[in-house]
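For reference, the structure is listed below as structure tokens.
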Amino acid sequence: MKLINRETIFLCSFFIVLYLISSCEQVKPLKNTTDCDNMNLKSNVCLVIQENFDVQDGKETNSNTIILKFNHLKNLLKKIKWKEITSYSYDDSGRLIVEKHSKDIITLSGETDFINLSDYKKYYYKGDNVFPFKIEEYYGNENNLNATTFIERDKYNYKTKTIKVEYKREPISNEAINDTTIISFKNNGNNIYTEIEIKQGKRILLEKYQINKHGQITSKHIKDLNVIVDTIPTYILEDIKTWQQKKSYNYVKYDDNLLTTYERNESGDIVHTLETDSTENKQHETYAQYIYDERGNWIKRKIFNSLHELIAIATRRIEYYPQNENGEIDFSFEYETTPLEKAFEREQKFKQKKELYLNDNFVLQQFYEKMKEYPDYKVIGNPKITYNEGCTYNINFNATHYLGGYPNGYPSKENITVQIVLDLETETYTFTAIKGQLY
């Protein structure tokens, strides 16, 4: 029997090792993209304060602010948008385990008031997997489980299907009316899904994506595969305090066919968007221009319509995790209030004071209150604000001055101008006569 020589053994060993390496590459866990990656944010971003403005006739209107705070793993810790706050919690390995969301909504009562609504999600994992296999959604607290999502993955750890069951009850009969949504995924082998099919009742929605070599979406096509007209129940909130509900019916026609294409610049930001709705034979086109900081993140964006008219502006203030004296990234601000957060909080308080105090109604109210200290003067008619700049207001008025004291003194008509200067820091004001006299 012929013995196997050393060269043969070496070659066999080499191919076995090569096969094992190749197999490991096929089944290794997918790399989880960070929130910063998904938002195209570069470097060690700690905080982003983005202010958005609509532009109409050259004037900024309808502003809103979004605040994003990131941890040292470049994932979201908190997102604030007006009266909505979403916070995120992670385990020691950096996996998302809880996502809490709360918002204040205006009551339907006669007085303007807010009530807080909250919900949260819990994520569950198997072993050391970086991806969850189950998500539970709660309304308010642990006793209000309103949805469960189970996630199926293939042997390469790619998500293939999610099955979401929403637990509902008909408000009058208390009959269970659970809704099930099935979402199927097709990936391109790089943890990026190029095709998503959503089944919800009779509706089947297909989303197709084109992805560039950098993993960024260049087009998105949404199409209803089942065009239907159906009668479905909806529940209208009658009284937000007692949560009484009534059932009504409406007709919904599903017939979506929307193709959106994106053109990006060398930084990966969208500079051109074209939406085509073949169902309604409509197109919507926008262009974007950016100004960047020294780290490659945009700090100002202008949006133009198809006529190249400015329709929106967004500005960003970005705070990065600093480096210490050894050149290492200092992540101490992860769970502390950062300097930018403190500055923005001061700005918001000052802005609230300006909205509260810097208006004609408030100034005139203070004028009438102050004139109570001069009982010998009786204001005639309506005073007029003749000058208004910053925190300074001049008010001109006619008054009857009772020389010798009201009501028996000699009446004399006088024209007087007073100046009110507001101090927003101390929430006080000064009151001085600059024309005529007040005794």
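Each chain in the structure tokens gets a letter, A, B and so on, in the order shown; residues start at 1 in every chain, and ligands are counted from 1 in the order they appear.
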Checklist line | A:Asn141 environment, 12 Å, only C-alpha atoms, sequence neighbours closer than 4 positions dropped, as an NGL selection string | finding: :A and (100-102 or 117-122 or 136-137 or 145-146)
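By chain and then residue number, the residues within 7 Å of A:Ile313 are Asn52, Phe53, Asp54, Arg301, Lys302 and Ile303 of chain A, counting only C-alpha atoms and disregarding those fewer than 4 positions away in sequence.
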Kindly export the residues of the current selection with C-alpha atoms, as a CSV table (one decimal), in the first residue's frame.
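So the final result, stored in again08.csv, reads:
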chain,number,residue,atom,x,y,z
A,52,ASN,CA,-36.8,72.8,9.4
A,53,PHE,CA,-38.6,75.7,7.8
A,54,ASP,CA,-41.1,75.8,5.0
A,301,ARG,CA,-29.9,72.4,3.1
A,302,LYS,CA,-32.1,74.2,0.7
A,303,ILE,CA,-34.9,72.5,-1.2
Next item on the list: Pick out the residues sitting within 12 Å of A:Lys168, and hand them over as a PyMOL selection string; count only C-alpha atoms, and ignore anything fewer than 3 positions along from it in its own chain.
Entry: chain A and resi 139+144-148+165+171+173-180+235
Keeping only all heavy atoms, take the residues you just selected and write them out as a compact mmCIF listing (two decimals), in the first residue's frame.
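Heads up, here's the output in result.txt:
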# COMPACT_ATOMS: atom_id res chain seq x y z
N TYR A 139 -48.76 49.32 24.82
CA TYR A 139 -49.37 50.64 24.95
C TYR A 139 -49.44 50.98 26.42
O TYR A 139 -50.15 50.33 27.19
CB TYR A 139 -50.77 50.67 24.34
CG TYR A 139 -51.44 52.01 24.47
CD1 TYR A 139 -51.18 53.03 23.57
CD2 TYR A 139 -52.30 52.27 25.54
CE1 TYR A 139 -51.78 54.27 23.70
CE2 TYR A 139 -52.90 53.51 25.68
CZ TYR A 139 -52.64 54.50 24.77
OH TYR A 139 -53.23 55.73 24.92
N ASN A 144 -50.55 46.02 28.75
CA ASN A 144 -51.22 46.40 27.51
C ASN A 144 -50.39 46.00 26.29
O ASN A 144 -49.92 46.85 25.55
CB ASN A 144 -51.48 47.91 27.48
CG ASN A 144 -52.73 48.30 28.23
OD1 ASN A 144 -53.71 47.57 28.23
ND2 ASN A 144 -52.69 49.44 28.88
N LEU A 145 -50.20 44.71 26.11
CA LEU A 145 -49.51 44.22 24.92
C LEU A 145 -50.45 44.35 23.72
O LEU A 145 -51.53 43.76 23.71
CB LEU A 145 -49.11 42.75 25.11
CG LEU A 145 -48.46 42.06 23.90
CD1 LEU A 145 -47.15 42.72 23.55
CD2 LEU A 145 -48.26 40.58 24.18
N ASN A 146 -50.06 45.15 22.73
CA ASN A 146 -50.97 45.37 21.60
C ASN A 146 -50.46 44.83 20.28
O ASN A 146 -51.18 44.84 19.29
CB ASN A 146 -51.31 46.86 21.46
CG ASN A 146 -50.08 47.73 21.30
OD1 ASN A 146 -49.00 47.24 21.02
ND2 ASN A 146 -50.23 49.02 21.52
N ALA A 147 -49.21 44.32 20.25
CA ALA A 147 -48.72 43.72 19.01
C ALA A 147 -47.47 42.90 19.29
O ALA A 147 -46.68 43.23 20.19
CB ALA A 147 -48.41 44.80 17.97
N THR A 148 -47.31 41.82 18.53
CA THR A 148 -46.12 40.99 18.60
C THR A 148 -45.63 40.72 17.19
O THR A 148 -46.43 40.38 16.31
CB THR A 148 -46.39 39.66 19.32
OG1 THR A 148 -46.88 39.91 20.63
CG2 THR A 148 -45.12 38.83 19.43
N VAL A 165 -48.72 40.58 14.53
CA VAL A 165 -50.11 40.41 14.93
C VAL A 165 -50.48 41.54 15.88
O VAL A 165 -49.84 41.71 16.93
CB VAL A 165 -50.35 39.05 15.61
CG1 VAL A 165 -51.82 38.90 16.00
CG2 VAL A 165 -49.92 37.92 14.69
N PRO A 171 -64.82 47.86 19.92
CA PRO A 171 -65.10 48.59 21.17
C PRO A 171 -66.49 48.37 21.74
O PRO A 171 -66.68 48.54 22.93
CB PRO A 171 -64.90 50.05 20.76
CG PRO A 171 -65.02 50.08 19.28
CD PRO A 171 -64.52 48.75 18.80
N SER A 173 -68.74 45.40 21.06
CA SER A 173 -68.99 44.00 21.42
C SER A 173 -67.80 43.36 22.15
O SER A 173 -67.93 42.25 22.68
CB SER A 173 -69.30 43.18 20.17
OG SER A 173 -68.16 43.13 19.32
N ASN A 174 -66.65 44.03 22.15
CA ASN A 174 -65.42 43.51 22.77
C ASN A 174 -64.91 42.25 22.05
O ASN A 174 -64.14 41.48 22.60
CB ASN A 174 -65.63 43.20 24.25
CG ASN A 174 -64.32 43.22 25.02
OD1 ASN A 174 -63.43 44.01 24.72
ND2 ASN A 174 -64.19 42.35 26.01
N GLU A 175 -65.33 42.06 20.83
CA GLU A 175 -64.91 40.91 20.05
C GLU A 175 -63.50 41.12 19.53
O GLU A 175 -63.13 42.21 19.09
CB GLU A 175 -65.87 40.71 18.87
CG GLU A 175 -65.50 39.56 17.96
CD GLU A 175 -66.40 39.49 16.75
OE1 GLU A 175 -67.35 40.30 16.67
OE2 GLU A 175 -66.15 38.64 15.86
N ALA A 176 -62.68 40.07 19.58
CA ALA A 176 -61.30 40.16 19.10
C ALA A 176 -61.28 40.35 17.59
O ALA A 176 -61.94 39.63 16.84
CB ALA A 176 -60.53 38.91 19.48
N ILE A 177 -60.52 41.33 17.13
CA ILE A 177 -60.39 41.61 15.70
C ILE A 177 -58.91 41.77 15.35
O ILE A 177 -58.48 42.76 14.79
CB ILE A 177 -61.18 42.87 15.29
CG1 ILE A 177 -60.85 44.06 16.21
CG2 ILE A 177 -62.67 42.62 15.28
CD1 ILE A 177 -61.45 45.37 15.73
N ASN A 178 -58.12 40.79 15.75
CA ASN A 178 -56.68 40.87 15.54
C ASN A 178 -56.33 41.01 14.06
O ASN A 178 -56.91 40.34 13.21
CB ASN A 178 -55.99 39.63 16.12
CG ASN A 178 -56.21 39.51 17.60
OD1 ASN A 178 -56.58 40.49 18.25
ND2 ASN A 178 -56.01 38.33 18.15
N ASP A 179 -55.38 41.88 13.76
CA ASP A 179 -54.90 42.10 12.40
C ASP A 179 -53.52 41.49 12.24
O ASP A 179 -52.66 41.62 13.13
CB ASP A 179 -54.83 43.59 12.08
CG ASP A 179 -56.20 44.22 11.92
OD1 ASP A 179 -57.16 43.47 11.66
OD2 ASP A 179 -56.33 45.45 12.08
N THR A 180 -53.29 40.85 11.11
CA THR A 180 -52.00 40.23 10.84
C THR A 180 -51.38 40.86 9.60
O THR A 180 -52.04 41.00 8.56
CB THR A 180 -52.14 38.72 10.63
OG1 THR A 180 -52.69 38.13 11.80
CG2 THR A 180 -50.78 38.09 10.34
N TYR A 235 -62.70 53.44 13.59
CA TYR A 235 -63.21 53.82 14.90
C TYR A 235 -62.82 55.26 15.18
O TYR A 235 -61.66 55.61 15.21
CB TYR A 235 -62.67 52.87 15.97
CG TYR A 235 -63.05 51.46 15.67
CD1 TYR A 235 -62.16 50.61 15.01
CD2 TYR A 235 -64.32 50.99 15.96
CE1 TYR A 235 -62.52 49.32 14.68
CE2 TYR A 235 -64.68 49.69 15.64
CZ TYR A 235 -63.79 48.87 15.00
OH TYR A 235 -64.16 47.60 14.66
Item checked: Close residues, stretch 65-70 of chain A itself excluded, 12 Å, only C-alpha atoms, min 2 positions apart in chain, as an NGL selection string -> :A and (34-37 or 39 or 41 or 43-53 or 62-63 or 72-90 or 313-321 or 331 or 333-338 or 340-341 or 344-345 or 348)
Next item on the list: Give the strand (DSSP E) residues of stretch 114-361 of chain A, as DSSP finds them on the backbone, and put them as a PyMOL selection string.
Entry: chain A and resi 114-124+134-139+145-153+159-166+179-187+193-200+203-211+217-224+228-239+244-254+257-264+270-277+282-292+298-305+310-320
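The space separating atom CA of A:Thr160 from atom CA of A:Asp92 comes to 27.0 Å.
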